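Text of run03.cif (mmCIF, C-alpha atoms) as supplied:
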data_query
#
loop_
_atom_site.label_atom_id
_atom_site.label_comp_id
_atom_site.auth_asym_id
_atom_site.auth_seq_id
_atom_site.Cartn_x
_atom_site.Cartn_y
_atom_site.Cartn_z
CA MET A 25 0.00 0.00 0.00
CA LYS A 26 1.06 3.52 -0.75
CA TYR A 27 0.46 4.70 2.81
CA SER A 28 2.77 2.17 4.45
CA LYS A 29 5.39 2.95 1.84
CA ILE A 30 5.23 6.59 2.81
CA LEU A 31 5.58 5.66 6.45
CA SER A 32 8.57 3.43 5.93
CA THR A 33 10.37 6.11 4.00
CA THR A 34 12.47 8.46 6.02
CA PHE A 35 11.76 12.14 5.83
CA VAL A 36 13.88 14.99 6.96
CA PHE A 37 12.19 18.22 7.81
CA ALA A 38 13.88 21.44 8.65
CA LEU A 39 11.67 23.83 10.52
CA THR A 40 12.06 27.23 11.93
CA CYS A 41 10.12 27.64 15.09
CA ALA A 42 7.90 30.11 16.78
CA ALA A 43 9.51 33.48 17.10
CA ALA A 44 7.02 34.08 19.91
CA PHE A 45 8.41 31.19 21.88
CA GLY A 46 12.03 31.86 21.14
CA VAL A 47 13.57 31.38 17.72
CA GLN A 48 15.11 27.99 17.25
CA ALA A 49 15.54 25.60 14.41
CA ALA A 50 14.44 22.03 14.83
CA SER A 51 15.05 19.33 12.30
CA TYR A 52 13.71 15.89 12.80
CA LYS A 53 13.55 12.53 11.14
CA VAL A 54 10.43 10.44 10.88
CA VAL A 55 11.27 6.76 11.08
CA GLY A 56 8.26 4.53 10.57
CA GLU A 57 5.64 5.88 12.95
CA THR A 58 8.11 7.57 15.24
CA ILE A 59 10.50 10.47 15.66
CA PRO A 60 13.16 8.60 17.63
CA GLN A 61 15.49 11.54 18.33
CA SER A 62 14.83 14.32 20.81
CA LEU A 63 14.07 17.59 19.02
CA THR A 64 16.44 19.56 21.25
CA GLY A 65 18.82 17.08 22.83
CA LYS A 66 17.71 18.43 26.19
CA ALA A 67 15.64 16.26 28.53
CA GLY A 68 11.98 17.19 28.76
CA ASP A 69 10.53 18.67 31.93
CA PRO A 70 7.28 16.85 32.75
CA ALA A 71 6.03 19.56 35.14
CA ASN A 72 6.29 22.18 32.43
CA GLY A 73 4.82 19.70 29.94
CA ARG A 74 1.73 19.40 32.10
CA ALA A 75 1.42 23.18 32.25
CA VAL A 76 1.80 23.44 28.46
CA ALA A 77 -0.84 20.75 27.94
CA ILE A 78 -3.29 22.76 30.07
CA HIS A 79 -2.44 26.22 28.69
CA ARG A 80 -5.28 27.37 26.43
CA GLN A 81 -2.99 29.43 24.21
CA LYS A 82 -0.41 26.66 23.88
CA GLY A 83 -1.11 22.91 24.00
CA ASN A 84 -4.77 23.16 24.96
CA CYS A 85 -4.81 19.37 24.79
CA LEU A 86 -7.81 19.40 27.14
CA ALA A 87 -9.91 20.84 24.33
CA CYS A 88 -9.93 17.35 22.79
CA HIS A 89 -8.57 14.91 25.37
CA GLN A 90 -9.52 13.76 28.81
CA MET A 91 -6.42 13.73 31.00
CA PRO A 92 -5.66 13.06 34.66
CA ILE A 93 -5.80 16.79 35.42
CA PRO A 94 -8.65 16.96 37.93
CA GLU A 95 -8.33 20.65 38.76
CA GLN A 96 -9.42 21.54 35.23
CA GLN A 97 -13.10 21.27 34.33
CA PHE A 98 -14.62 20.20 31.02
CA HIS A 99 -12.18 17.93 29.26
CA GLY A 100 -13.00 17.43 25.57
CA GLU A 101 -13.90 14.09 24.01
CA VAL A 102 -12.76 14.52 20.41
CA GLY A 103 -9.65 12.36 20.90
CA PRO A 104 -9.05 9.35 23.15
CA PRO A 105 -8.39 9.76 26.91
CA LEU A 106 -4.67 10.01 27.61
CA HIS A 107 -4.55 8.53 31.12
CA ASP A 108 -2.48 5.54 30.06
CA VAL A 109 -0.56 6.70 26.97
CA GLY A 110 2.70 6.49 28.91
CA SER A 111 2.32 2.75 29.21
CA ARG A 112 1.00 2.27 25.67
CA MET A 113 3.31 4.49 23.64
CA LYS A 114 7.04 5.12 23.48
CA ALA A 115 8.68 8.55 23.43
CA GLY A 116 9.29 8.38 19.66
CA GLU A 117 5.66 7.61 18.92
CA LEU A 118 4.41 10.34 21.22
CA ARG A 119 6.82 12.82 19.68
CA LEU A 120 5.58 12.19 16.14
CA ARG A 121 1.98 12.31 17.37
CA VAL A 122 2.51 15.81 18.78
CA VAL A 123 4.84 17.10 16.05
CA ASP A 124 2.85 15.97 13.02
CA PRO A 125 -0.20 13.73 13.50
CA LYS A 126 -1.05 14.02 9.81
CA VAL A 127 1.78 11.63 8.99
CA LEU A 128 -0.31 9.00 10.78
CA ASP A 129 -3.69 10.08 9.40
CA LYS A 130 -3.92 12.85 6.85
CA ASP A 131 -7.52 13.56 7.91
CA SER A 132 -6.70 13.96 11.60
CA ILE A 133 -8.19 16.96 13.37
CA MET A 134 -5.24 17.16 15.75
CA PRO A 135 -2.89 20.05 14.98
CA GLY A 136 0.80 19.48 14.28
CA PHE A 137 2.32 21.45 17.10
CA LEU A 138 5.68 22.08 15.43
CA ASN A 139 4.18 23.09 12.12
CA ALA A 140 5.10 26.66 11.18
CA LYS A 141 3.85 26.68 7.59
CA HIS A 142 0.15 27.33 7.43
CA ASN A 143 -2.56 28.11 4.98
CA LEU A 144 -4.30 31.44 5.63
CA ALA A 145 -3.06 31.95 9.17
CA GLN A 146 -3.83 35.13 11.07
CA LYS A 147 -0.89 37.56 10.80
CA LYS A 148 -0.22 37.24 14.48
CA TRP A 149 0.44 33.49 14.18
CA ALA A 150 1.80 33.16 10.67
CA GLY A 151 5.17 31.42 10.49
CA LYS A 152 5.00 30.39 14.14
CA SER A 153 4.46 26.92 15.48
CA MET A 154 1.98 26.37 18.28
CA LEU A 155 4.69 24.97 20.55
CA SER A 156 8.44 25.31 20.59
CA ALA A 157 10.62 22.23 20.18
CA GLN A 158 11.47 22.24 23.90
CA GLU A 159 7.81 22.59 24.88
CA ILE A 160 7.09 19.50 22.80
CA GLU A 161 9.89 17.62 24.55
CA ASP A 162 8.33 18.70 27.87
CA VAL A 163 4.88 17.51 26.79
CA VAL A 164 6.31 14.17 25.66
CA ALA A 165 8.10 13.79 29.01
CA TYR A 166 4.81 14.50 30.75
CA LEU A 167 2.83 12.04 28.59
CA LEU A 168 5.38 9.32 29.45
CA THR A 169 4.41 9.71 33.12
CA LEU A 170 0.75 8.87 32.36
CA LYS A 171 0.46 5.22 33.32
CA GLY A 172 -2.87 5.16 35.07
CA SER A 173 -6.20 4.04 33.73
CA TYR A 174 -9.16 6.02 32.58
CA THR A 175 -12.11 6.38 34.92
CA LYS A 176 -14.83 8.85 34.27
CA MET B 1318 -29.59 -1.85 -26.19
CA LYS B 1319 -33.04 -2.02 -27.70
CA LEU B 1320 -34.77 1.26 -28.30
CA LYS B 1321 -37.83 0.10 -26.43
CA THR B 1322 -35.98 -0.69 -23.20
CA LEU B 1323 -34.14 2.57 -23.48
CA THR B 1324 -37.36 4.54 -23.83
CA SER B 1325 -38.97 2.82 -20.90
CA MET B 1326 -35.84 3.50 -18.90
CA VAL B 1327 -35.96 7.16 -19.78
CA VAL B 1328 -39.62 7.27 -18.81
CA ALA B 1329 -38.90 5.57 -15.51
CA LEU B 1330 -36.01 7.88 -14.84
CA SER B 1331 -37.91 11.06 -15.53
CA ALA B 1332 -40.81 9.83 -13.43
CA GLY B 1333 -38.28 9.33 -10.64
CA ALA B 1334 -36.92 12.81 -11.14
CA LEU B 1335 -40.43 14.23 -11.04
CA LEU B 1336 -41.17 12.39 -7.85
CA ALA B 1337 -37.95 13.65 -6.34
CA ALA B 1338 -38.84 17.20 -7.32
CA CYS B 1339 -42.22 16.94 -5.61
CA GLN B 1340 -40.68 15.72 -2.39
CA VAL B 1341 -38.70 18.00 -0.15
CA ASP B 1342 -35.04 17.44 -0.75
CA LYS B 1343 -33.39 16.63 2.56
CA ALA B 1344 -29.70 16.34 3.21
CA PRO B 1345 -29.13 12.88 4.69
CA ASP B 1346 -28.39 12.81 8.43
CA SER B 1347 -28.69 16.54 8.82
CA VAL B 1348 -29.96 17.71 12.19
CA SER B 1349 -30.48 21.16 13.56
CA GLY B 1350 -28.15 22.65 16.15
CA TYR B 1351 -31.25 22.65 18.34
CA THR B 1352 -30.88 18.89 18.83
CA PHE B 1353 -27.50 19.35 20.52
CA ALA B 1354 -28.55 22.23 22.75
CA THR B 1355 -29.28 21.79 26.45
CA LYS B 1356 -32.89 21.40 27.58
CA ASP B 1357 -32.78 24.87 29.09
CA THR B 1358 -31.58 26.45 25.86
CA GLN B 1359 -34.20 24.57 23.86
CA ALA B 1360 -36.94 25.72 26.21
CA MET B 1361 -35.73 29.29 25.92
CA GLN B 1362 -35.96 29.09 22.13
CA ASP B 1363 -39.33 27.33 22.10
CA ASP B 1364 -41.17 29.93 24.10
CA ASN B 1365 -41.54 33.29 22.36
CA PHE B 1366 -41.86 34.97 25.72
CA SER B 1367 -38.55 33.68 27.03
CA ASN B 1368 -36.64 33.78 23.75
CA PRO B 1369 -34.29 36.76 24.20
CA ALA B 1370 -34.11 37.29 20.42
CA MET B 1371 -37.73 38.42 20.44
CA LEU B 1372 -36.51 41.80 21.62
CA TRP B 1373 -34.88 42.18 18.22
CA VAL B 1374 -37.90 40.83 16.40
CA GLY B 1375 -39.75 43.66 18.12
CA ILE B 1376 -37.26 46.12 16.64
CA GLY B 1377 -37.93 44.50 13.26
CA GLU B 1378 -41.66 44.98 13.72
CA GLU B 1379 -41.17 48.65 14.44
CA GLU B 1380 -38.97 49.04 11.38
CA TRP B 1381 -41.46 47.16 9.24
CA ILE B 1382 -44.09 49.82 9.61
CA LYS B 1383 -41.80 52.84 9.88
CA LYS B 1384 -41.72 55.10 6.83
CA ASP B 1385 -38.14 55.89 5.93
CA GLY B 1386 -36.33 57.36 2.94
CA SER B 1387 -37.35 59.87 0.29
CA ALA B 1388 -39.96 57.59 -1.29
CA GLY B 1389 -41.95 57.92 1.92
CA LYS B 1390 -42.59 54.20 2.20
CA SER B 1391 -42.31 51.50 4.81
CA CYS B 1392 -41.83 47.79 4.18
CA ALA B 1393 -45.51 47.43 4.99
CA SER B 1394 -46.44 49.79 2.14
CA CYS B 1395 -45.47 47.12 -0.33
CA HIS B 1396 -45.43 43.90 1.65
CA GLY B 1397 -48.39 44.16 3.98
CA GLY B 1398 -48.56 45.02 7.62
CA ALA B 1399 -46.97 43.46 10.61
CA LYS B 1400 -49.41 43.19 13.41
CA PRO B 1401 -47.58 43.47 16.67
CA GLY B 1402 -49.42 42.66 19.83
CA SER B 1403 -52.45 41.02 18.22
CA ASP B 1404 -53.63 37.55 19.17
CA GLU B 1405 -50.86 35.16 20.09
CA GLU B 1406 -50.94 33.10 16.96
CA GLY B 1407 -50.50 36.00 14.62
CA MET B 1408 -48.28 37.92 16.92
CA TYR B 1409 -45.23 38.04 14.76
CA ALA B 1410 -46.98 37.43 11.48
CA ILE B 1411 -46.83 39.82 8.59
CA ASP B 1412 -50.33 39.61 7.24
CA PRO B 1413 -51.03 41.22 3.87
CA VAL B 1414 -54.74 41.31 4.62
CA LEU B 1415 -54.26 43.62 7.54
CA ASP B 1416 -52.34 46.23 5.61
CA THR B 1417 -54.08 49.55 5.40
CA SER B 1418 -51.28 51.70 4.11
CA GLY B 1419 -52.58 51.62 0.56
CA GLY B 1420 -49.51 50.18 -1.16
CA ALA B 1421 -49.88 48.49 -4.52
CA THR B 1422 -48.83 44.84 -4.76
CA LYS B 1423 -48.54 43.02 -1.48
CA ILE B 1424 -45.70 40.59 -1.65
CA SER B 1425 -45.97 38.13 1.21
CA MET B 1426 -42.88 37.15 3.17
CA LYS B 1427 -44.12 33.61 3.74
CA GLY B 1428 -41.62 31.06 2.47
CA VAL B 1429 -39.17 33.74 1.36
CA ALA B 1430 -36.42 32.70 3.75
CA THR B 1431 -36.44 29.10 2.50
CA LYS B 1432 -34.98 30.03 -0.88
CA TYR B 1433 -32.15 32.37 0.08
CA PRO B 1434 -29.35 32.93 -0.95
CA ILE B 1435 -30.65 33.54 -4.47
CA PHE B 1436 -28.67 34.32 -7.60
CA ASP B 1437 -28.53 38.02 -8.36
CA LYS B 1438 -28.51 38.50 -12.10
CA ALA B 1439 -27.22 42.06 -11.90
CA SER B 1440 -24.04 41.27 -9.96
CA LYS B 1441 -23.86 37.63 -11.11
CA LYS B 1442 -23.27 36.73 -7.48
CA PRO B 1443 -25.25 35.16 -4.69
CA MET B 1444 -27.57 37.53 -2.87
CA VAL B 1445 -28.26 36.78 0.77
CA LEU B 1446 -31.39 37.94 2.59
CA GLU B 1447 -29.67 40.88 4.27
CA GLU B 1448 -28.68 42.20 0.85
CA ARG B 1449 -32.20 41.72 -0.50
CA ILE B 1450 -33.61 43.75 2.35
CA ASN B 1451 -31.06 46.50 1.77
CA LEU B 1452 -31.96 46.50 -1.91
CA CYS B 1453 -35.54 47.28 -0.97
CA ARG B 1454 -34.32 50.03 1.30
CA THR B 1455 -32.09 51.73 -1.23
CA LYS B 1456 -34.10 51.09 -4.40
CA ASN B 1457 -37.70 50.93 -3.27
CA MET B 1458 -37.63 53.21 -0.26
CA LYS B 1459 -34.74 55.48 -1.27
CA ALA B 1460 -33.47 55.03 2.26
CA LYS B 1461 -29.98 54.36 3.58
CA ALA B 1462 -28.78 50.78 3.62
CA TRP B 1463 -28.59 49.21 7.06
CA LYS B 1464 -25.30 47.97 8.47
CA TRP B 1465 -24.93 44.19 8.29
CA GLU B 1466 -25.16 43.59 11.99
CA SER B 1467 -27.27 46.57 13.07
CA ASP B 1468 -30.20 45.88 15.37
CA GLN B 1469 -32.57 47.02 12.59
CA MET B 1470 -31.10 44.64 10.05
CA MET B 1471 -30.98 41.64 12.36
CA GLY B 1472 -34.44 42.38 13.72
CA THR B 1473 -35.97 42.74 10.27
CA THR B 1474 -34.15 39.66 8.94
CA MET B 1475 -35.47 37.67 11.87
CA LEU B 1476 -38.99 38.96 11.35
CA VAL B 1477 -38.88 38.02 7.67
CA LYS B 1478 -37.39 34.60 8.40
CA MET B 1479 -40.00 33.95 11.08
CA GLN B 1480 -42.63 34.01 8.36
CA SER B 1481 -41.04 30.76 7.14
CA ARG B 1482 -40.71 29.14 10.56
CA GLY B 1483 -41.30 25.41 10.25
CA MET B 1484 -40.85 25.41 6.49
CA PRO B 1485 -38.01 23.36 4.96
CA ILE B 1486 -34.94 25.08 3.53
CA MET B 1487 -34.57 24.53 -0.21
CA SER B 1488 -31.47 24.52 -2.35
CA THR B 1489 -30.49 23.04 -5.68
CA ALA B 1490 -27.18 24.88 -5.82
CA ASP B 1491 -25.32 21.58 -6.21
CA GLN B 1492 -26.74 21.10 -9.68
CA ALA B 1493 -24.65 22.15 -12.66
CA SER B 1494 -27.69 23.88 -14.13
CA SER B 1495 -28.07 26.16 -11.09
CA PRO B 1496 -26.67 29.67 -11.51
CA LEU B 1497 -25.46 29.28 -7.92
CA ASN B 1498 -23.38 26.25 -8.76
CA GLY B 1499 -20.10 28.19 -9.01
CA ALA B 1500 -20.69 29.75 -5.60
CA TRP B 1501 -21.63 26.34 -4.19
CA LYS B 1502 -18.36 24.86 -5.41
CA ALA B 1503 -16.33 27.74 -3.98
CA GLY B 1504 -18.22 27.42 -0.69
CA MET B 1505 -17.62 23.69 -0.52
CA LYS B 1506 -13.91 24.23 -1.10
CA PHE B 1507 -13.83 26.81 1.69
CA PHE B 1508 -15.62 24.42 4.05
CA ASN B 1509 -13.21 21.58 3.40
CA GLU B 1510 -9.98 23.55 3.28
CA ARG B 1511 -7.64 23.43 6.26
CA ARG B 1512 -6.60 26.85 7.45
CA GLY B 1513 -5.01 28.80 10.25
CA GLN B 1514 -2.22 27.99 12.67
CA MET B 1515 -4.30 25.05 13.92
CA ASP B 1516 -4.70 23.82 10.38
CA MET B 1517 -8.35 22.84 10.63
CA ALA B 1518 -11.19 22.91 8.15
CA CYS B 1519 -14.81 23.55 9.06
CA LYS B 1520 -15.30 19.94 8.07
CA ASN B 1521 -12.91 18.64 10.73
CA CYS B 1522 -15.20 19.83 13.50
CA HIS B 1523 -18.66 20.05 11.98
CA ASP B 1524 -18.73 17.03 9.64
CA ASP B 1525 -16.42 14.73 11.59
CA TYR B 1526 -17.35 15.34 15.24
CA PRO B 1527 -20.90 16.61 15.76
CA GLY B 1528 -22.32 15.45 19.08
CA THR B 1529 -18.84 15.44 20.63
CA ARG B 1530 -17.61 17.80 23.28
CA ILE B 1531 -14.69 20.05 22.42
CA ARG B 1532 -13.73 21.32 25.86
CA ALA B 1533 -17.08 22.53 27.28
CA ASN B 1534 -18.78 23.00 23.89
CA MET B 1535 -20.97 20.39 22.25
CA LEU B 1536 -20.10 20.39 18.54
CA THR B 1537 -23.01 20.58 16.11
CA GLN B 1538 -23.22 20.17 12.36
CA ALA B 1539 -23.17 23.96 11.95
CA GLN B 1540 -26.51 24.13 10.20
CA VAL B 1541 -27.84 27.47 9.03
CA ASN B 1542 -31.52 27.06 9.86
CA GLY B 1543 -31.60 29.16 13.04
CA PHE B 1544 -29.85 32.33 11.91
CA PRO B 1545 -29.65 35.09 12.96
CA THR B 1546 -29.33 33.26 16.27
CA PHE B 1547 -29.25 34.64 19.76
CA ARG B 1548 -26.03 33.43 21.28
CA LEU B 1549 -25.92 33.29 25.05
CA LYS B 1550 -22.16 33.86 24.99
CA TRP B 1551 -22.62 37.07 22.97
CA GLN B 1552 -25.73 38.10 24.91
CA LYS B 1553 -27.12 39.28 21.60
CA PRO B 1554 -28.02 37.90 18.21
CA GLY B 1555 -25.48 37.48 15.46
CA THR B 1556 -25.57 36.76 11.76
CA ILE B 1557 -24.17 33.61 10.26
CA HIS B 1558 -21.28 35.62 8.83
CA ARG B 1559 -20.32 36.64 12.34
CA ARG B 1560 -20.20 32.96 13.26
CA TYR B 1561 -18.03 32.20 10.23
CA ALA B 1562 -15.59 34.89 11.31
CA GLY B 1563 -15.60 33.54 14.87
CA CYS B 1564 -14.84 29.99 13.76
CA ASN B 1565 -12.09 31.25 11.44
CA LYS B 1566 -10.46 33.14 14.29
CA MET B 1567 -10.82 30.20 16.66
CA VAL B 1568 -8.36 28.19 14.58
CA ARG B 1569 -6.18 31.30 14.21
CA ALA B 1570 -7.03 31.75 10.56
CA LYS B 1571 -7.72 34.93 8.62
CA HIS B 1572 -11.33 35.94 8.66
CA PHE B 1573 -13.35 37.77 6.05
CA LYS B 1574 -15.80 40.64 6.14
CA ARG B 1575 -19.50 40.13 6.74
CA GLY B 1576 -21.05 40.13 3.29
CA SER B 1577 -17.77 39.20 1.57
CA ASN B 1578 -17.89 36.95 -1.48
CA GLU B 1579 -16.09 34.26 0.50
CA TYR B 1580 -18.78 34.15 3.17
CA LYS B 1581 -21.63 34.47 0.70
CA ASN B 1582 -20.31 31.46 -1.21
CA LEU B 1583 -19.94 29.59 2.06
CA GLU B 1584 -23.53 30.45 2.91
CA VAL B 1585 -24.68 29.05 -0.44
CA TYR B 1586 -22.90 25.77 0.25
CA MET B 1587 -23.97 25.57 3.88
CA THR B 1588 -27.58 26.34 3.00
CA TRP B 1589 -27.51 23.41 0.59
CA ARG B 1590 -26.07 21.30 3.42
CA SER B 1591 -29.06 22.39 5.52
CA ARG B 1592 -31.67 21.69 2.87
CA GLY B 1593 -34.78 20.06 4.26
CA LEU B 1594 -34.19 21.36 7.80
CA LYS B 1595 -36.95 23.59 9.08
CA VAL B 1596 -36.37 27.28 9.52
CA GLU B 1597 -36.29 27.97 13.26
CA THR B 1598 -35.16 31.60 13.33
CA PRO B 1599 -34.55 33.10 15.78
CA ALA B 1600 -32.75 30.21 17.43
CA VAL B 1601 -30.99 30.33 20.78
CA ARG B 1602 -27.55 28.78 21.06
CA ASN B 1603 -24.84 28.55 23.69
#

Rewritten as structure tokens:
Amino acid sequence: MKYSKILSTTFVFALTCAAAFGVQAASYKVVGETIPQSLTGKAGDPANGRAVAIHRQKGNCLACHQMPIPEQQFHGEVGPPLHDVGSRMKAGELRLRVVDPKVLDKDSIMPGFLNAKHNLAQKKWAGKSMLSAQEIEDVVAYLLTLKGSYTK
Amino acid sequence: MKLKTLTSMVVALSAGALLAACQVDKAPDSVSGYTFATKDTQAMQDDNFSNPAMLWVGIGEEEWIKKDGSAGKSCASCHGGAKPGSDEEGMYAIDPVLDTSGGATKISMKGVATKYPIFDKASKKPMVLEERINLCRTKNMKAKAWKWESDQMMGTTMLVKMQSRGMPIMSTADQASSPLNGAWKAGMKFFNERRGQMDMACKNCHDDYPGTRIRANMLTQAQVNGFPTFRLKWQKPGTIHRRYAGCNKMVRAKHFKRGSNEYKNLEVYMTWRSRGLKVETPAVRN
């Protein structure tokens, strides 16, 4: 199938990141369904990752996902609950998921958080990714700590 | 193929087409935003006395009978009189029979809202109801056009649309023979095109996830049948073009002006998507 061929090919992307979040270049390699290498080479900070996931102007993951973040009301239900992703998925898989979910499913509603090339973006956001490379590393580090189970 | 079978096939086919034309065309699986609203919001919409949009309908009623412009006419002069405050059933009805202003032809507003946007031959573009009303103001009344989202415009649009309450929306803009077909295609492209920093199309939320909560909001199919709607978050009514702009901005995409070609085309497509749904203006939404 064409799709699996695409996945097994290796892509190299060079991206310039969010001026708003500090200018930095991040290049990454997609290998299969993963981005095995850290985007920054610096370990992620799970506490900051949690904050980024909550932040409405940044990750805003709660818009679509239920997460073990009880102090926040109204978790969305567009995507699956993330309570146990840390035990189901590896860092490389989580990284690709957050960087560019459209590699996995071109029709996905989930934004690619490192994507800085958009169609018809508002001036204020044009050329900027939603998260910086380090923020994504932080989110991934946080997701890896989620090893619970989902209860409503 | 034998000529005879062919003929009978043609006959059968055209009979089918005729039948289809007699029935109301309904988009499959389309449901009004009403269905997804909370019980409280539904109740607020259902009861004219608690529906906050009725305040604007009242403004529309006043405008309907107010003479304005150098022609010295009101809407009622040509379209019949509104009868505010009469018996409950006819309360918001525009009834040609009641008109006493001595205008010539009385063109009823019943059913009018079900066929908009129409194709405007002069501009070769879609014409939405707001524009049609302003045409009557500038051409027939020699009065100043109303602003798109003025209380007068929204109130009068609501009043006109209310005359079609319960009637199904009609659109054949998908057909190649329709003069609106170009606009329909452009609108469909707009609806399905990813945009903004979040890279989402209208489709991603409103075709793919209706009935699903996005944060605290229950996603609907974004049907047009309740507009202008009173939005509790705005604490006032808004036009559908205001909603388009809001949803564009939500995904951090460029938005367009109310009344722009982009939004008019989108309205043509989205009205086709809503075909068969009953007009429920003025709706109440969260």

Edge lengths and centre in Å, axis-aligned, segment 111-124 of chain A plus 4 Å each side, as lines of an AutoDock Vina configuration file:
center_x = 5.1
center_y = 9.7
center_z = 21.1
size_x = 16.3
size_y = 22.8
size_z = 24.2

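What separates atom CA of Ala1370 of chain B from atom CA of Ala1539 of chain B is a distance of 19.2 Å.
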
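The nearest approach to Thr1546 of chain B among the residues B:Arg1592, B:Lys1343, B:Lys1478, B:Lys1574, with all atoms listed in the file taken into account, belongs to B:Lys1478.
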
Go through the shown structure with the PyMOL selection byres ((chain A) within 10 of (chain B)) and write out the matching residues as a PDB file with C-alpha atoms, keeping the file's coordinate frame.
ATOM      1  CA  ASN A  84      -4.770  23.160  24.960  1.00  0.00           C
ATOM      2  CA  CYS A  85      -4.810  19.370  24.790  1.00  0.00           C
ATOM      3  CA  LEU A  86      -7.810  19.400  27.140  1.00  0.00           C
ATOM      4  CA  ALA A  87      -9.910  20.840  24.330  1.00  0.00           C
ATOM      5  CA  CYS A  88      -9.930  17.350  22.790  1.00  0.00           C
ATOM      6  CA  HIS A  89      -8.570  14.910  25.370  1.00  0.00           C
ATOM      7  CA  GLN A  90      -9.520  13.760  28.810  1.00  0.00           C
ATOM      8  CA  GLN A  97     -13.100  21.270  34.330  1.00  0.00           C
ATOM      9  CA  PHE A  98     -14.620  20.200  31.020  1.00  0.00           C
ATOM     10  CA  HIS A  99     -12.180  17.930  29.260  1.00  0.00           C
ATOM     11  CA  GLY A 100     -13.000  17.430  25.570  1.00  0.00           C
ATOM     12  CA  GLU A 101     -13.900  14.090  24.010  1.00  0.00           C
ATOM     13  CA  VAL A 102     -12.760  14.520  20.410  1.00  0.00           C
ATOM     14  CA  GLY A 103      -9.650  12.360  20.900  1.00  0.00           C
ATOM     15  CA  ASP A 131      -7.520  13.560   7.910  1.00  0.00           C
ATOM     16  CA  SER A 132      -6.700  13.960  11.600  1.00  0.00           C
ATOM     17  CA  ILE A 133      -8.190  16.960  13.370  1.00  0.00           C
ATOM     18  CA  MET A 134      -5.240  17.160  15.750  1.00  0.00           C
ATOM     19  CA  PRO A 135      -2.890  20.050  14.980  1.00  0.00           C
ATOM     20  CA  GLY A 136       0.800  19.480  14.280  1.00  0.00           C
ATOM     21  CA  PHE A 137       2.320  21.450  17.100  1.00  0.00           C
ATOM     22  CA  ASN A 139       4.180  23.090  12.120  1.00  0.00           C
ATOM     23  CA  ALA A 140       5.100  26.660  11.180  1.00  0.00           C
ATOM     24  CA  LYS A 141       3.850  26.680   7.590  1.00  0.00           C
ATOM     25  CA  HIS A 142       0.150  27.330   7.430  1.00  0.00           C
ATOM     26  CA  ASN A 143      -2.560  28.110   4.980  1.00  0.00           C
ATOM     27  CA  LEU A 144      -4.300  31.440   5.630  1.00  0.00           C
ATOM     28  CA  ALA A 145      -3.060  31.950   9.170  1.00  0.00           C
ATOM     29  CA  GLN A 146      -3.830  35.130  11.070  1.00  0.00           C
ATOM     30  CA  LYS A 147      -0.890  37.560  10.800  1.00  0.00           C
ATOM     31  CA  LYS A 148      -0.220  37.240  14.480  1.00  0.00           C
ATOM     32  CA  TRP A 149       0.440  33.490  14.180  1.00  0.00           C
ATOM     33  CA  ALA A 150       1.800  33.160  10.670  1.00  0.00           C
ATOM     34  CA  GLY A 151       5.170  31.420  10.490  1.00  0.00           C
ATOM     35  CA  LYS A 152       5.000  30.390  14.140  1.00  0.00           C
ATOM     36  CA  SER A 153       4.460  26.920  15.480  1.00  0.00           C
ATOM     37  CA  MET A 154       1.980  26.370  18.280  1.00  0.00           C
TER      38      MET A 154
END

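Atom CA of Thr1598 of chain B lies 19.8 Å from atom CA of Trp1463 of chain B.
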
Return the single residue from A:Asp124, A:Asp108, A:Asp129, A:Glu159 that is closest to Lys171 of chain A, with distances computed using only C-alpha atoms. A:Asp108

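For the set A:Val163, A:Lys126, A:Tyr174, A:Leu120, the residue with the smallest atom-to-atom gap to Gln61 of chain A is A:Leu120, counting all atoms listed in the file.
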
Residues picked by the PyMOL selection byres ((chain B and resi 1498-1508) around 7) here, as a ChimeraX atom specification? /B:1490-1493,1495-1497,1509-1510,1518-1520,1582-1583,1585-1586

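Shortest separation to Arg1548 of chain B among B:Met1361, B:Ile1376, B:Ala1439, B:Cys1395 occurs at residue B:Met1361, atoms counted being only C-alpha atoms.
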
Starting from the shown file, work through the PyMOL selection byres ((chain A and resi 58) around 8) and note down what comes out as number ranges by chain. A: 54-57, 59-60, 116-120

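Residues of protein, DNA or RNA having at least one counted atom within 8 Å of (-39.0, 42.0, 12.9), given all atoms listed in the file, are Trp1373, Val1374, Gly1375, Ile1376, Gly1377, Glu1378, Glu1379, Glu1380, Trp1381, Tyr1409, Gly1472, Thr1473, Thr1474, Met1475, Leu1476 and Val1477 of chain B.
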
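Between Arg1454 of chain B and the candidates B:Thr1358, B:Ser1387, B:Thr1352, B:Thr1537, the tightest atom-to-atom separation, counting all atoms listed in the file, involves B:Ser1387.
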
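Put simply, atom CA of Ala1430 of chain B is 28.8 Å away from atom CA of Met1567 of chain B.
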
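Proximity ranking of B:Ile1435, B:Cys1392, B:Val1596, B:Met1479 relative to Ile1450 of chain B places B:Cys1392 first, based on all atoms listed in the file.
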